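Reproduced below: data-v7.tsv, with TSV, C-alpha atoms and all ligand atoms.
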```tsv
chain	number	residue	atom	x	y	z
I	1	MET	CA	9.14	43.18	-73.97
I	2	SER	CA	5.72	43.46	-75.66
I	3	SER	CA	4.37	40.50	-73.62
I	4	GLU	CA	5.73	42.26	-70.52
I	5	LYS	CA	3.75	45.38	-71.50
I	6	SER	CA	0.55	43.36	-72.12
I	7	ILE	CA	0.85	41.63	-68.72
I	8	TYR	CA	1.47	45.01	-67.08
I	9	ARG	CA	-1.63	46.51	-68.73
I	10	LEU	CA	-3.72	43.51	-67.71
I	11	LYS	CA	-2.51	43.86	-64.12
I	12	GLN	CA	-3.42	47.58	-64.19
I	13	ALA	CA	-6.94	46.73	-65.39
I	14	ILE	CA	-7.36	44.17	-62.57
I	15	MET	CA	-6.03	46.65	-60.00
I	16	ARG	CA	-8.65	49.20	-60.95
I	17	ARG	CA	-11.35	46.67	-60.11
I	18	ILE	CA	-9.92	45.43	-56.79
I	19	PRO	CA	-9.22	48.38	-54.50
I	20	ASP	CA	-7.61	46.33	-51.71
I	21	ILE	CA	-3.82	46.15	-51.50
I	22	ARG	CA	-3.82	42.88	-49.50
I	23	VAL	CA	-5.99	41.10	-52.08
I	24	LEU	CA	-3.92	42.55	-54.94
I	25	SER	CA	-0.66	41.52	-53.28
I	26	ALA	CA	-1.94	38.00	-52.66
I	27	LEU	CA	-3.12	37.73	-56.29
I	28	ASP	CA	0.20	39.03	-57.58
I	29	ASP	CA	2.14	36.58	-55.40
I	30	MET	CA	-0.10	33.75	-56.62
I	31	TYR	CA	0.40	34.78	-60.25
I	32	ARG	CA	4.18	34.89	-59.75
I	33	LEU	CA	4.26	31.46	-58.11
I	34	MET	CA	2.09	29.92	-60.83
I	35	ALA	CA	4.13	31.54	-63.60
I	36	MET	CA	7.44	30.43	-62.06
I	37	PRO	CA	7.94	27.15	-64.01
I	38	PHE	CA	7.15	28.98	-67.29
I	39	GLY	CA	9.46	31.82	-66.19
I	40	TRP	CA	12.30	29.40	-65.50
I	41	VAL	CA	11.95	27.70	-68.91
I	42	THR	CA	11.76	31.08	-70.69
I	43	TYR	CA	14.78	32.26	-68.71
I	44	LEU	CA	16.79	29.19	-69.75
I	45	ILE	CA	15.81	29.43	-73.40
I	46	THR	CA	16.42	33.20	-73.55
I	47	THR	CA	19.77	33.19	-71.76
I	48	ARG	CA	21.29	29.82	-72.77
I	49	VAL	CA	19.83	29.15	-76.22
I	50	LEU	CA	18.98	32.55	-77.71
I	51	ARG	CA	21.69	34.31	-75.64
I	52	ARG	CA	19.54	37.40	-75.26
I	53	PRO	CA	18.86	39.54	-72.17
I	54	TYR	CA	16.13	38.08	-69.99
I	55	PHE	CA	13.57	40.07	-68.00
I	56	GLY	CA	10.54	38.24	-66.70
I	57	VAL	CA	9.02	36.57	-63.70
I	58	TRP	CA	12.12	34.45	-62.94
I	59	LEU	CA	14.23	36.21	-60.27
I	60	ALA	CA	11.62	39.03	-60.48
I	61	SER	CA	13.96	40.38	-63.15
I	62	ALA	CA	11.24	42.46	-64.84
I	63	GLN	CA	11.11	45.34	-62.37
I	64	GLY	CA	8.71	48.28	-62.47
I	65	ASN	CA	6.58	49.61	-65.25
I	66	PRO	CA	7.76	48.46	-68.71
I	67	LEU	CA	5.94	51.42	-70.32
I	68	ARG	CA	8.64	53.72	-68.92
I	69	HIS	CA	11.40	52.26	-71.09
I	70	PRO	CA	10.95	54.46	-74.18
I	71	LEU	CA	10.81	57.46	-71.83
I	72	ILE	CA	14.06	56.76	-70.06
I	73	ALA	CA	15.68	56.16	-73.45
I	74	GLU	CA	14.35	59.47	-74.76
I	75	ALA	CA	15.51	61.35	-71.64
I	76	VAL	CA	19.08	60.07	-71.74
I	77	VAL	CA	19.45	60.79	-75.47
I	78	LYS	CA	17.95	64.25	-75.07
I	79	CYS	CA	20.43	64.97	-72.28
I	80	ALA	CA	23.39	63.67	-74.33
I	81	LYS	CA	22.40	65.66	-77.43
I	82	ALA	CA	22.04	68.85	-75.37
I	83	ARG	CA	25.54	68.23	-74.00
I	84	ARG	CA	26.87	67.78	-77.54
I	85	ALA	CA	25.15	71.02	-78.58
I	86	GLU	CA	26.96	72.75	-75.68
I	87	GLY	CA	30.21	71.63	-77.33
I	88	LEU	CA	31.41	69.69	-74.26
I	89	ASP	CA	34.29	67.25	-74.86
I	90	GLY	CA	34.97	63.92	-73.18
I	91	GLU	CA	32.71	61.00	-72.46
I	92	PHE	CA	29.04	61.27	-71.55
I	93	ARG	CA	28.76	59.84	-68.03
I	94	ALA	CA	25.52	58.35	-66.72
I	95	LEU	CA	25.04	57.05	-63.19
I	96	GLU	CA	22.28	54.76	-62.01
I	97	ILE	CA	21.47	53.99	-58.38
I	98	GLY	CA	19.73	50.60	-58.27
I	99	ALA	CA	20.23	48.31	-61.26
I	100	TYR	CA	18.78	44.93	-60.19
I	101	ALA	CA	18.96	42.66	-63.29
I	102	GLY	CA	19.91	45.51	-65.64
I	103	ALA	CA	16.69	46.52	-67.45
I	104	SER	CA	17.30	50.26	-67.00
I	105	THR	CA	21.06	49.86	-67.49
I	106	ILE	CA	20.51	48.25	-70.88
I	107	GLU	CA	17.82	50.75	-71.84
I	108	PHE	CA	20.17	53.69	-71.17
I	109	ALA	CA	23.23	52.09	-72.74
I	110	THR	CA	21.52	50.90	-75.92
I	111	ALA	CA	19.67	54.21	-76.38
I	112	LEU	CA	23.00	56.07	-76.25
I	113	ARG	CA	24.59	53.61	-78.66
I	114	THR	CA	21.66	53.82	-81.11
I	115	ALA	CA	21.83	57.63	-81.00
I	116	GLN	CA	25.57	57.37	-81.75
I	117	ILE	CA	26.59	59.20	-78.60
I	118	ALA	CA	30.27	58.34	-78.21
I	119	PRO	CA	32.15	57.95	-76.01
I	120	TYR	CA	29.94	57.23	-73.04
I	121	LEU	CA	30.02	55.25	-69.80
I	122	MET	CA	27.16	53.89	-67.73
I	123	TYR	CA	27.88	53.40	-64.00
I	124	SER	CA	25.56	51.24	-61.89
I	125	VAL	CA	25.69	51.42	-58.09
I	126	ASP	CA	23.97	48.51	-56.36
I	127	PRO	CA	24.85	46.25	-53.42
I	128	TRP	CA	23.16	43.32	-55.18
I	129	ASP	CA	22.24	42.10	-51.71
I	130	ALA	CA	18.98	41.72	-49.70
I	131	TYR	CA	17.64	45.18	-48.83
I	132	LEU	CA	13.87	45.00	-48.41
I	133	ASP	CA	12.64	45.33	-44.85
I	134	ALA	CA	10.66	42.11	-44.30
I	135	ILE	CA	8.49	43.52	-41.48
I	136	ASN	CA	6.89	46.26	-43.58
I	137	ASN	CA	7.13	44.22	-46.80
I	138	PRO	CA	6.17	40.64	-45.87
I	139	ARG	CA	5.06	39.54	-49.38
I	140	ILE	CA	6.43	36.35	-50.96
I	141	HIS	CA	7.59	38.49	-53.92
I	142	TYR	CA	9.83	40.64	-51.68
I	143	ARG	CA	11.16	37.61	-49.81
I	144	MET	CA	12.10	36.03	-53.12
I	145	MET	CA	13.79	39.23	-54.31
I	146	ASN	CA	15.81	39.41	-51.08
I	147	ARG	CA	16.80	35.74	-51.43
I	148	ASP	CA	17.86	36.04	-55.09
I	149	LEU	CA	19.82	39.21	-54.39
I	150	ALA	CA	21.56	37.65	-51.36
I	151	ASN	CA	22.54	34.42	-53.15
I	152	GLY	CA	24.05	36.28	-56.12
I	153	ASN	CA	21.53	35.11	-58.74
I	154	VAL	CA	20.41	38.65	-59.60
I	155	LEU	CA	23.97	39.93	-60.01
I	156	ARG	CA	24.81	36.93	-62.21
I	157	LEU	CA	21.80	37.71	-64.37
I	158	PHE	CA	22.78	41.41	-64.52
I	159	VAL	CA	26.24	40.46	-65.86
I	160	ARG	CA	24.76	37.97	-68.32
I	161	ASN	CA	22.17	40.51	-69.50
I	162	ILE	CA	24.59	43.37	-70.19
I	163	ARG	CA	26.87	40.93	-72.06
I	164	ALA	CA	23.96	39.61	-74.13
I	165	ALA	CA	22.89	43.18	-74.91
I	166	MET	CA	26.49	43.85	-75.98
I	167	VAL	CA	26.89	46.85	-73.70
I	168	SER	CA	29.24	45.38	-71.07
I	169	ASP	CA	32.15	47.38	-72.53
I	170	VAL	CA	30.45	50.67	-71.57
I	171	CYS	CA	28.99	49.49	-68.24
I	172	ARG	CA	30.80	49.81	-64.93
I	173	GLN	CA	29.47	48.18	-61.77
I	174	ILE	CA	30.05	49.74	-58.37
I	175	ARG	CA	28.97	47.08	-55.90
I	176	GLY	CA	27.85	48.52	-52.59
I	177	ARG	CA	25.17	50.66	-50.98
I	178	SER	CA	24.83	54.13	-52.46
I	179	GLU	CA	25.29	55.71	-49.02
I	180	GLU	CA	28.74	54.09	-48.85
I	181	MET	CA	29.78	54.22	-52.51
I	182	LEU	CA	28.63	57.66	-53.68
I	183	PRO	CA	30.62	59.63	-51.07
I	184	LEU	CA	33.73	57.88	-52.48
I	185	LEU	CA	33.11	59.51	-55.87
I	186	GLN	CA	34.89	62.73	-54.99
I	187	GLY	CA	35.79	65.16	-57.75
I	188	GLN	CA	33.65	63.27	-60.28
I	189	GLN	CA	30.76	64.71	-62.24
I	190	PHE	CA	27.97	63.01	-64.14
I	191	ASP	CA	25.76	64.24	-66.95
I	192	PHE	CA	22.83	62.07	-65.99
I	193	VAL	CA	21.80	60.48	-62.67
I	194	TYR	CA	18.95	57.99	-62.35
I	195	VAL	CA	17.68	57.20	-58.82
I	196	ASP	CA	16.02	53.79	-58.43
I	197	GLY	CA	17.57	52.20	-55.33
I	198	ASP	CA	16.06	51.73	-51.89
I	199	HIS	CA	12.61	53.39	-51.90
I	200	ALA	CA	12.42	54.23	-48.17
I	201	PRO	CA	11.92	58.03	-47.82
I	202	ALA	CA	15.23	58.65	-46.01
I	203	ALA	CA	17.13	56.54	-48.57
I	204	VAL	CA	15.62	58.38	-51.57
I	205	THR	CA	16.38	61.76	-49.93
I	206	ARG	CA	19.97	60.68	-49.30
I	207	ASP	CA	20.35	59.51	-52.92
I	208	LEU	CA	18.89	62.77	-54.25
I	209	ASN	CA	21.33	64.82	-52.17
I	210	GLU	CA	24.29	62.77	-53.42
I	211	ALA	CA	22.97	62.93	-56.99
I	212	GLN	CA	22.81	66.71	-56.81
I	213	ARG	CA	26.44	66.83	-55.61
I	214	LEU	CA	27.52	64.65	-58.52
I	215	LEU	CA	25.49	66.31	-61.28
I	216	ARG	CA	27.06	68.86	-63.59
I	217	PRO	CA	25.09	72.02	-64.47
I	218	GLY	CA	22.99	71.16	-67.51
I	219	GLY	CA	22.73	67.52	-66.39
I	220	TYR	CA	19.53	65.57	-65.85
I	221	LEU	CA	18.34	64.11	-62.56
I	222	CYS	CA	15.66	61.46	-62.83
I	223	GLY	CA	14.22	58.39	-61.17
I	224	ASP	CA	11.51	55.79	-61.12
I	225	ASP	CA	8.32	54.90	-59.24
I	226	LEU	CA	6.70	58.33	-58.91
I	227	GLU	CA	3.28	57.08	-60.00
I	228	MET	CA	1.58	59.73	-57.86
I	229	GLN	CA	2.98	62.95	-56.43
I	230	LEU	CA	2.43	64.11	-52.88
I	231	HIS	CA	-0.04	66.90	-53.74
I	232	GLU	CA	-2.34	64.27	-55.31
I	233	LEU	CA	-2.40	62.24	-52.08
I	234	ASP	CA	-3.66	62.52	-48.51
I	235	PRO	CA	-0.46	63.38	-46.55
I	236	GLU	CA	-1.69	61.54	-43.46
I	237	PHE	CA	-2.26	58.35	-45.43
I	238	VAL	CA	1.14	58.62	-47.12
I	239	THR	CA	2.97	59.15	-43.81
I	240	LYS	CA	1.21	56.15	-42.30
I	241	HIS	CA	2.45	53.93	-45.17
I	242	ALA	CA	5.85	55.58	-45.63
I	243	ASP	CA	7.86	52.45	-44.85
I	244	GLU	CA	5.95	50.17	-47.20
I	245	ASP	CA	7.35	49.72	-50.71
I	246	VAL	CA	3.93	50.25	-52.33
I	247	ALA	CA	0.51	51.40	-51.13
I	248	LEU	CA	-2.91	51.80	-52.73
I	249	ASP	CA	-4.38	55.29	-52.67
I	250	PRO	CA	-7.95	54.81	-51.35
I	251	GLN	CA	-9.22	57.86	-53.26
I	252	SER	CA	-7.96	57.08	-56.79
I	253	GLY	CA	-7.46	53.32	-56.40
I	254	ARG	CA	-3.96	53.72	-57.81
I	255	ILE	CA	-0.82	51.98	-56.61
I	256	PHE	CA	2.07	54.27	-55.67
I	257	HIS	CA	5.42	54.27	-53.86
I	258	PRO	CA	4.98	56.35	-50.67
I	259	GLY	CA	8.73	56.76	-50.00
I	260	VAL	CA	9.39	58.14	-53.48
I	261	ALA	CA	6.36	60.47	-53.36
I	262	ILE	CA	7.46	61.91	-49.99
I	263	ALA	CA	11.16	62.29	-50.78
I	264	VAL	CA	10.78	63.77	-54.28
I	265	GLU	CA	8.27	66.43	-53.26
I	266	GLN	CA	10.30	67.35	-50.16
I	267	PHE	CA	13.53	67.54	-52.14
I	268	PHE	CA	12.25	69.71	-55.01
I	269	GLY	CA	9.57	71.51	-53.01
I	270	ARG	CA	7.13	71.13	-55.90
I	271	PRO	CA	5.70	68.52	-58.29
I	272	VAL	CA	8.13	67.55	-61.08
I	273	SER	CA	7.73	66.45	-64.71
I	274	SER	CA	6.85	62.76	-64.65
I	275	TYR	CA	5.67	60.16	-67.13
I	276	GLN	CA	4.45	56.66	-66.26
I	277	GLY	CA	6.20	56.96	-62.89
I	278	PHE	CA	9.47	58.04	-64.53
I	279	TRP	CA	10.33	61.56	-63.39
I	280	VAL	CA	13.00	63.81	-64.86
I	281	VAL	CA	14.34	67.34	-64.34
I	282	ARG	CA	17.30	69.38	-65.59
I	283	TRP	CA	19.76	71.02	-63.21
I	284	THR	CA	20.68	74.48	-64.49
I	285	GLY	CA	23.32	74.99	-61.80
I	286	GLU	CA	20.89	77.13	-59.83
I	287	LYS	CA	17.55	75.41	-60.04
I	288	TYR	CA	15.75	72.40	-61.47
I	289	GLU	CA	13.68	72.79	-64.64
I	290	ASP	CA	11.06	70.37	-65.88
I	291	VAL	CA	11.92	68.26	-68.92
I	292	VAL	CA	9.28	67.69	-71.59
I	293	LEU	CA	9.28	64.25	-73.19
I	294	SER	CA	7.33	63.33	-76.30
I	295	LEU	CA	5.62	60.18	-74.90
I	296	ASN	CA	6.22	58.54	-78.28
I	297	GLY	CA	5.59	54.83	-78.11
I	298	VAL	CA	4.06	55.01	-74.64
I	299	ALA	CA	0.34	55.56	-75.19
R	1	LIG	C1	13.63	48.57	-58.07
R	1	LIG	S1	15.18	47.80	-58.17
R	1	LIG	C2	15.94	48.62	-59.52
R	1	LIG	C3	15.33	48.26	-60.84
R	1	LIG	C4	16.16	48.61	-62.05
R	1	LIG	N1	16.50	50.01	-62.12
R	1	LIG	C5	15.41	48.18	-63.30
R	1	LIG	O1	15.03	49.02	-64.09
R	1	LIG	O2	15.19	46.99	-63.47
R	1	LIG	C6	15.98	48.50	-56.81
R	1	LIG	C7	17.47	48.15	-56.71
R	1	LIG	O3	18.05	49.01	-55.75
R	1	LIG	C8	19.07	48.31	-55.12
R	1	LIG	N2	19.36	48.95	-53.83
R	1	LIG	C9	18.75	48.74	-52.64
R	1	LIG	N3	19.31	49.48	-51.68
R	1	LIG	C10	20.29	50.17	-52.28
R	1	LIG	C11	21.26	51.11	-51.81
R	1	LIG	N4	21.32	51.47	-50.52
R	1	LIG	N5	22.14	51.63	-52.70
R	1	LIG	C12	22.09	51.27	-54.02
R	1	LIG	N6	21.20	50.39	-54.51
R	1	LIG	C13	20.31	49.86	-53.66
R	1	LIG	C14	18.54	46.89	-54.98
R	1	LIG	O4	19.59	45.97	-54.79
R	1	LIG	C15	17.79	46.72	-56.29
R	1	LIG	O5	18.61	46.10	-57.25
```
Would you mind writing the file out in structure tokens?
Amino acid sequence: MSSEKSIYRLKQAIMRRIPDIRVLSALDDMYRLMAMPFGWVTYLITTRVLRRPYFGVWLASAQGNPLRHPLIAEAVVKCAKARRAEGLDGEFRALEIGAYAGASTIEFATALRTAQIAPYLMYSVDPWDAYLDAINNPRIHYRMMNRDLANGNVLRLFVRNIRAAMVSDVCRQIRGRSEEMLPLLQGQQFDFVYVDGDHAPAAVTRDLNEAQRLLRPGGYLCGDDLEMQLHELDPEFVTKHADEDVALDPQSGRIFHPGVAIAVEQFFGRPVSSYQGFWVVRWTGEKYEDVVLSLNGVA
């Protein structure tokens, strides 16, 4: 994971110097293609020899910003401890929308285990199938993700990863699109919901509405990829790029996810507490409150 963080930081430094999304995308695709043979060897050694979870360039299994991991771990433990302090019985139930190869799944599950929160269950909803719209997202990287989701390689790695991390006993997979699967969860409540599925604005809004229905008062609602919030951006620019997975803000030179920025601000009607793109709020039963995280291990 530390090499993942170093590569991420290096990429951030390069991005700041090249304020053109097409050049950055081409460079990133080139890097991924060149790193592929090394990624494959590392994947084989990690999964077959060391029998450890693998997240790297192979199958694009390292998704998102690795600096968020300590934050999502802190958030889930904070939520579980608050529940314990409320004296609530029964298992702590966490739900994730969008699991890919299991990086966030494992982060949540191991954080809960380390904090000795028991019993708990971690549900992951994901179709593990091609979902990225190739017209608005024509990059090689996205085409490869779609291919490896459609041929089952990503799901196989997810299963292998949660077994290697020794959390498969507490993980439950719900295979299907959130818009089809979540409405089936009637009469169920979750303590913690993490939204990281399809990033198109309508899809994020739909997931947030379902998450709210499933969240118990006192529970946390959170998600990924909120690098910039709508009030920091030019609304016209964001609307123009709404259907693209990522865009580069011409004013700050920062990369952000337009769909997430639009949907989150529209849903909450205000900016929310966010750290390294990971955002988190607490549902009181009447309103959402910000959640303060320590940022330990992130700087
Ligand atoms: C950015 S990845 C998730 C990354 C993961 N949380 C991690 O930390 O590595 C997005 C995931 O959302 C899933 N997805 C796409 N559309 C979805 C939908 N309609 N419902 C649920 N999941 C969806 C994709 O299959 C993909 O695995």
Is it possible to get the residues within 12 Å of (7.3, 53.4, -46.8) (coordinates as in the file, counting all atoms listed in the file) written as JSON, numbers by chain?
{"I": [132, 133, 135, 136, 137, 198, 199, 200, 201, 202, 203, 204, 237, 238, 239, 240, 241, 242, 243, 244, 245, 246, 247, 248, 256, 257, 258, 259, 260, 261, 262, 263]}
Centre and edge lengths, as JSON, for the axis-aligned box enclosing every listed atom of ligand LIG 1 (chain R) with 3 Å of padding on each of the six sides, in Å to one decimal?
```
{"center_x": 17.9, "center_y": 48.8, "center_z": -57.3, "size_x": 14.5, "size_y": 11.7, "size_z": 19.6}
```
Could you list, as a ChimeraX atom specification, all protein and nucleic acid residues with an atom at most 7 Å from ligand LIG 1 (chain R), counting only C-alpha atoms and all ligand atoms?
/I:61-64,97-105,125-131,149,176-179,196-198,203
What is the distance between atom CA of I:Leu221 and atom CA of I:Ile117, in Å to one decimal?
18.7 Å
Neighbours of I:Asp29 within 9 Å (all atoms listed in the file; same-chain residues fewer than 5 positions away dropped), as a ChimeraX atom specification?
/I:24,34,139-141
Atom-to-atom span, atom CA of I:Tyr123 and atom CA of I:Met144, Å:
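Taking atom CA of I:Tyr123 and atom CA of I:Met144, their separation equals 25.9 Å.
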Using the partial input, fill out stretch 210-226 of chain I with N, CA and C atoms; write the result as a compact mmCIF listing (two decimals), in the frame of the given file.
```txt
# COMPACT_ATOMS: atom_id res chain seq x y z
N GLU I 210 23.02 63.19 -52.80
CA GLU I 210 24.29 62.77 -53.42
C GLU I 210 24.26 63.01 -54.92
N ALA I 211 23.11 62.74 -55.53
CA ALA I 211 22.97 62.93 -56.99
C ALA I 211 23.21 64.40 -57.33
N GLN I 212 22.63 65.28 -56.54
CA GLN I 212 22.81 66.71 -56.81
C GLN I 212 24.29 67.10 -56.73
N ARG I 213 25.00 66.54 -55.76
CA ARG I 213 26.44 66.83 -55.61
C ARG I 213 27.22 66.36 -56.84
N LEU I 214 26.75 65.26 -57.44
CA LEU I 214 27.52 64.65 -58.52
C LEU I 214 27.12 65.15 -59.91
N LEU I 215 26.04 65.92 -59.97
CA LEU I 215 25.49 66.31 -61.28
C LEU I 215 26.12 67.61 -61.77
N ARG I 216 26.50 67.61 -63.05
CA ARG I 216 27.06 68.86 -63.59
C ARG I 216 25.91 69.80 -64.00
N PRO I 217 26.14 71.12 -63.99
CA PRO I 217 25.09 72.02 -64.47
C PRO I 217 24.73 71.64 -65.91
N GLY I 218 23.45 71.59 -66.18
CA GLY I 218 22.99 71.16 -67.51
C GLY I 218 22.62 69.69 -67.53
N GLY I 219 23.02 68.96 -66.45
CA GLY I 219 22.73 67.52 -66.39
C GLY I 219 21.29 67.23 -65.98
N TYR I 220 20.89 65.99 -66.20
CA TYR I 220 19.53 65.57 -65.85
C TYR I 220 19.55 64.72 -64.58
N LEU I 221 18.56 64.96 -63.73
CA LEU I 221 18.34 64.11 -62.56
C LEU I 221 16.98 63.45 -62.75
N CYS I 222 16.94 62.14 -62.60
CA CYS I 222 15.66 61.46 -62.83
C CYS I 222 15.54 60.23 -61.94
N GLY I 223 14.41 59.57 -62.00
CA GLY I 223 14.22 58.39 -61.17
C GLY I 223 12.93 57.67 -61.54
N ASP I 224 12.65 56.63 -60.78
CA ASP I 224 11.51 55.79 -61.12
C ASP I 224 10.51 55.77 -59.97
N ASP I 225 9.33 55.21 -60.27
CA ASP I 225 8.32 54.90 -59.24
C ASP I 225 7.64 56.10 -58.61
N LEU I 226 7.48 57.18 -59.39
CA LEU I 226 6.70 58.33 -58.91
C LEU I 226 5.35 58.29 -59.62
```
